[in-house]
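Chemist: The structure is given below, and queries will be raised subsequently.
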Amino acid sequence: MPSREIEVVKGQMVVLQAWYSPSSDISQNTVIWHFTGNDSKQVINFSSGKVGHGQNEFTNRVGFSVTMPSANLSIYINNTQETDSGLYFCHVIVPGGHGISGELRLNVKVPPSPPLCSMMGNPVVKGNVTLSCKSSQGKPAPQYKWTRAAPSSEVFFSPMQNERHGTLRLSNLTKGMSGKYICRASNTAGTDSCSINLEVITPSNAGMIAAATLGSVVGLVAMMLILVFILKRRQDSEEEMANEIKEDAQAPKRVSWAKSNTGSDIVSKNGTLSSVATSPRSQDPPKFPYPYSPVSASDTGSVINAYQLRPGTACSLQGLPGYNIGGTPIRKHKRPPCANGGPPQILRSPAVGIPLKRTEGPQPQVPPPVTVSPQISSSTLTRMGAVAVMVPAQSQAGSLV
């Protein structure tokens, strides 16, 4: 083996040279190349006139440099990788004789990867900054050198520059130190570089830049808040408009016949409800010899008033239950209420000797009520044969339904 150590750049081809001087027929000899690195494995072999390869990462990348059998035992390795670095052993086995062997070391070098330039510190006048440069790959470890580009070319040395760690410290900055700074990473396999622009500013400029940045951020936030407020306001307005209740007409005031102590109601029945007549009533009830007091009309204006008259007084209501021929009140007759919860029904029964006719129009007004019959439960009135009568009601617009 002419060389005991060989170097190659990653990706390139390398030839591991080896030969020997045979003393017998070489066709019977066996040749084996073996690799020892992180682990041990066979690279290639020749035996019994055939070439064999191991099942590993060298497969399809390695071969003998000349046709075997031969005294030249050199092999080649294509597309070398960093993991190919290590010791290679060549063994020759001679049948019936002494075997021979040799070894060499292969070192696969890796050029530096493109470095990354960065800056730490505030580049203001009289300030300090540190420029950094670092490559992620490289074998052997790359060295770093910072320079200042033209037109103000400058080379830096230690202690300002650390070639091992790739840093450059600039102190007490001035406006004249602004410019382009270049870092070159290099090793025996290659070189690569990066650059950074340094702009030294005055403190006032720095404050203006900071204020402008802060103002931009605040303005953006304010615009977002205003937009959210407008959208919220519009949504609330739409909800209020949808919830508004439009009133076409106001509810009418209660009419006179629906108010207490202001009128009297007379309902005439001709198969169905025919009319309702109202008349004003005096505030002071009339005097009667009987100790009965009038009862005011209900607020609904639909309660039928019952009356008890003086003896011998003729009236169109003499046919109602509770009155005899002479008009003398009969207390045992009760006035039944309406079955649907309305006011009591007025029942008509013919009086003796006085024929009654069905009315076709409104009834004449009568004097205000003076007394009311005693209260009787609805169940008692039902058993007595009371019949329900429809009661007029008032709609929102004031009309009768």
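Residues are named by chain letter and number: chains run A, B, ... in the order of the structure tokens, numbers start at 1 in each chain, and ligands are numbered from 1 in the order shown.
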Could you list, as a PyMOL selection string, every residue within 12 Å of Thr174 of chain A, counting only C-alpha atoms and ignoring same-chain residues fewer than 6 positions away?

Modeler: chain A and resi 123-129+198-203

Chemist: Distance atom CA of Val155 of chain A-atom CA of Asn122 of chain A, one decimal place?

Modeler: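 Atom CA of Val155 of chain A sits 22.4 Å away from atom CA of Asn122 of chain A.
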
Chemist: So which bits of segment 175-209 of chain A end up strand (DSSP E or B) when you DSSP the backbone, as a ChimeraX atom specification?

Modeler: /A:179-187,190-198,201

Chemist: With all heavy atoms kept, could you save the residues just selected as a CSV table (one decimal), in the first residue's frame?

Modeler:
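Dumped to out_26.csv:
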chain,number,residue,atom,x,y,z
A,179,GLY,N,-21.8,49.9,7.0
A,179,GLY,CA,-21.4,49.2,5.7
A,179,GLY,C,-21.7,47.8,5.7
A,179,GLY,O,-22.5,47.2,6.5
A,180,LYS,N,-21.1,47.1,4.7
A,180,LYS,CA,-21.4,45.6,4.5
A,180,LYS,C,-20.2,44.8,5.1
A,180,LYS,O,-19.1,45.1,4.7
A,180,LYS,CB,-21.6,45.3,3.0
A,180,LYS,CG,-21.9,43.9,2.7
A,180,LYS,CD,-22.1,43.7,1.2
A,180,LYS,CE,-22.4,42.3,0.9
A,180,LYS,NZ,-22.6,42.1,-0.6
A,181,TYR,N,-20.6,43.8,5.9
A,181,TYR,CA,-19.6,43.0,6.6
A,181,TYR,C,-19.8,41.5,6.1
A,181,TYR,O,-21.0,41.0,6.0
A,181,TYR,CB,-19.7,43.0,8.1
A,181,TYR,CG,-19.3,44.4,8.7
A,181,TYR,CD1,-20.1,45.5,8.6
A,181,TYR,CD2,-18.1,44.5,9.3
A,181,TYR,CE1,-19.7,46.7,9.1
A,181,TYR,CE2,-17.6,45.7,9.8
A,181,TYR,CZ,-18.5,46.8,9.7
A,181,TYR,OH,-18.1,48.0,10.2
A,182,ILE,N,-18.7,40.9,5.7
A,182,ILE,CA,-18.7,39.6,5.1
A,182,ILE,C,-18.0,38.6,6.0
A,182,ILE,O,-16.9,38.9,6.5
A,182,ILE,CB,-18.1,39.6,3.7
A,182,ILE,CG1,-18.8,40.6,2.7
A,182,ILE,CG2,-18.1,38.2,3.0
A,182,ILE,CD1,-18.1,40.7,1.4
A,183,CYS,N,-18.6,37.4,6.1
A,183,CYS,CA,-18.0,36.3,6.9
A,183,CYS,C,-17.8,35.1,6.0
A,183,CYS,O,-18.7,34.7,5.3
A,183,CYS,CB,-18.9,35.9,8.1
A,183,CYS,SG,-18.4,34.4,8.9
A,184,ARG,N,-16.5,34.6,6.0
A,184,ARG,CA,-16.2,33.5,5.2
A,184,ARG,C,-15.8,32.3,6.1
A,184,ARG,O,-15.0,32.4,7.0
A,184,ARG,CB,-15.0,33.8,4.3
A,184,ARG,CG,-15.3,34.7,3.2
A,184,ARG,CD,-14.1,35.0,2.3
A,184,ARG,NE,-14.5,35.7,1.1
A,184,ARG,CZ,-14.5,37.1,1.1
A,184,ARG,NH1,-14.3,37.8,2.2
A,184,ARG,NH2,-14.9,37.7,-0.1
A,185,ALA,N,-16.6,31.2,5.9
A,185,ALA,CA,-16.3,29.9,6.6
A,185,ALA,C,-15.5,29.0,5.7
A,185,ALA,O,-15.9,28.7,4.6
A,185,ALA,CB,-17.6,29.3,7.1
A,186,SER,N,-14.4,28.4,6.2
A,186,SER,CA,-13.6,27.6,5.3
A,186,SER,C,-12.9,26.5,6.1
A,186,SER,O,-12.6,26.6,7.3
A,186,SER,CB,-12.5,28.5,4.6
A,186,SER,OG,-11.7,29.1,5.6
A,187,ASN,N,-12.6,25.4,5.4
A,187,ASN,CA,-11.8,24.3,5.9
A,187,ASN,C,-11.1,23.7,4.7
A,187,ASN,O,-11.1,24.2,3.6
A,187,ASN,CB,-12.6,23.3,6.7
A,187,ASN,CG,-13.7,22.6,5.8
A,187,ASN,OD1,-13.7,22.8,4.6
A,187,ASN,ND2,-14.6,21.9,6.5
A,190,GLY,N,-13.4,23.1,1.6
A,190,GLY,CA,-14.0,24.1,0.8
A,190,GLY,C,-14.3,25.3,1.6
A,190,GLY,O,-13.8,25.5,2.8
A,191,THR,N,-15.1,26.3,1.1
A,191,THR,CA,-15.3,27.5,1.7
A,191,THR,C,-16.7,28.0,1.3
A,191,THR,O,-17.2,27.7,0.2
A,191,THR,CB,-14.3,28.6,1.4
A,191,THR,OG1,-14.6,29.8,2.1
A,191,THR,CG2,-14.3,28.9,-0.1
A,192,ASP,N,-17.3,28.8,2.2
A,192,ASP,CA,-18.6,29.5,1.9
A,192,ASP,C,-18.7,30.7,2.7
A,192,ASP,O,-17.9,31.0,3.6
A,192,ASP,CB,-19.8,28.5,2.2
A,192,ASP,CG,-21.0,28.8,1.3
A,192,ASP,OD1,-21.2,29.9,0.8
A,192,ASP,OD2,-21.7,27.8,1.0
A,193,SER,N,-19.7,31.6,2.4
A,193,SER,CA,-19.7,32.9,3.0
A,193,SER,C,-21.2,33.4,3.1
A,193,SER,O,-22.1,32.9,2.5
A,193,SER,CB,-18.9,33.9,2.2
A,193,SER,OG,-19.5,34.2,1.0
A,194,CYS,N,-21.3,34.4,4.0
A,194,CYS,CA,-22.6,35.2,4.2
A,194,CYS,C,-22.2,36.6,4.5
A,194,CYS,O,-21.1,36.9,4.8
A,194,CYS,CB,-23.4,34.6,5.2
A,194,CYS,SG,-22.8,34.7,6.9
A,195,SER,N,-23.2,37.5,4.4
A,195,SER,CA,-22.9,38.9,4.7
A,195,SER,C,-24.1,39.6,5.5
A,195,SER,O,-25.2,39.0,5.5
A,195,SER,CB,-22.7,39.7,3.4
A,195,SER,OG,-23.9,39.6,2.6
A,196,ILE,N,-23.8,40.7,6.1
A,196,ILE,CA,-24.8,41.5,6.8
A,196,ILE,C,-24.5,43.0,6.7
A,196,ILE,O,-23.4,43.4,6.6
A,196,ILE,CB,-24.8,41.0,8.3
A,196,ILE,CG1,-26.0,41.6,9.0
A,196,ILE,CG2,-23.5,41.4,9.0
A,196,ILE,CD1,-26.2,41.1,10.4
A,197,ASN,N,-25.6,43.8,6.6
A,197,ASN,CA,-25.4,45.2,6.4
A,197,ASN,C,-25.6,45.9,7.8
A,197,ASN,O,-26.6,45.6,8.5
A,197,ASN,CB,-26.5,45.8,5.5
A,197,ASN,CG,-26.2,45.4,4.0
A,197,ASN,OD1,-25.0,45.4,3.6
A,197,ASN,ND2,-27.2,45.0,3.3
A,198,LEU,N,-24.6,46.7,8.2
A,198,LEU,CA,-24.7,47.4,9.4
A,198,LEU,C,-24.9,48.9,9.1
A,198,LEU,O,-24.2,49.5,8.4
A,198,LEU,CB,-23.3,47.2,10.2
A,198,LEU,CG,-23.2,48.0,11.5
A,198,LEU,CD1,-24.2,47.6,12.5
A,198,LEU,CD2,-21.8,47.9,12.0
A,201,ILE,N,-27.1,54.3,13.5
A,201,ILE,CA,-28.1,55.4,13.5
A,201,ILE,C,-27.9,56.2,14.8
A,201,ILE,O,-27.3,55.7,15.8
A,201,ILE,CB,-29.6,54.9,13.4
A,201,ILE,CG1,-29.9,54.0,14.6
A,201,ILE,CG2,-29.8,54.2,12.1
A,201,ILE,CD1,-31.3,53.5,14.6

Chemist: Please, which residues in segment 82-129 of chain A fall within 12 Å of segment 60-78 of chain A when counting only C-alpha atoms, and what is the closest atom pair and distance in Å to one decimal for each, ordered by chain then residue number, as CSV?

Modeler:
residue,atom,partner,partner_atom,distance
A:Asp84,CA,A:Ile77,CA,9.1
A:Ser85,CA,A:Ile77,CA,11.6
A:Tyr88,CA,A:Ile75,CA,10.7
A:Phe89,CA,A:Leu73,CA,11.4
A:Cys90,CA,A:Leu73,CA,8.2
A:His91,CA,A:Leu73,CA,9.7
A:Val92,CA,A:Leu73,CA,9.2
A:Ser101,CA,A:Leu73,CA,11.1
A:Gly102,CA,A:Leu73,CA,10.9
A:Glu103,CA,A:Ser74,CA,12.0
A:Leu104,CA,A:Ser74,CA,11.8
A:Leu106,CA,A:Ile77,CA,10.8
A:Val108,CA,A:Ile77,CA,11.4

Chemist: Hey, can you check how far atom CA of Gln81 of chain A sits from atom CA of Gly37 of chain A?

Modeler: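 Interatomic distance here is 12.7 Å.
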
Chemist: By how many Å are atom CA of Ile93 of chain A and atom CA of Asn29 of chain A apart?

Modeler: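 Atom CA of Asn29 of chain A lies 5.7 Å from atom CA of Ile93 of chain A.
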
Chemist: Restricting the calculation to only C-alpha atoms: of A:Ser132, A:Ser3, A:Met177, A:Leu116, which residue gets closest to Arg148 of chain A?

Modeler: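 Among the listed residues, A:Met177 lies closest to Arg148 of chain A.
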
Chemist: Find the residue from A:Gly215, A:Gly138, A:Pro95, A:Gly121 that sits nearest to Leu170 of chain A; use only C-alpha atoms when measuring.

Modeler: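 Looking only at the distances to Leu170 of chain A, the closest residue turns out to be A:Gly121.
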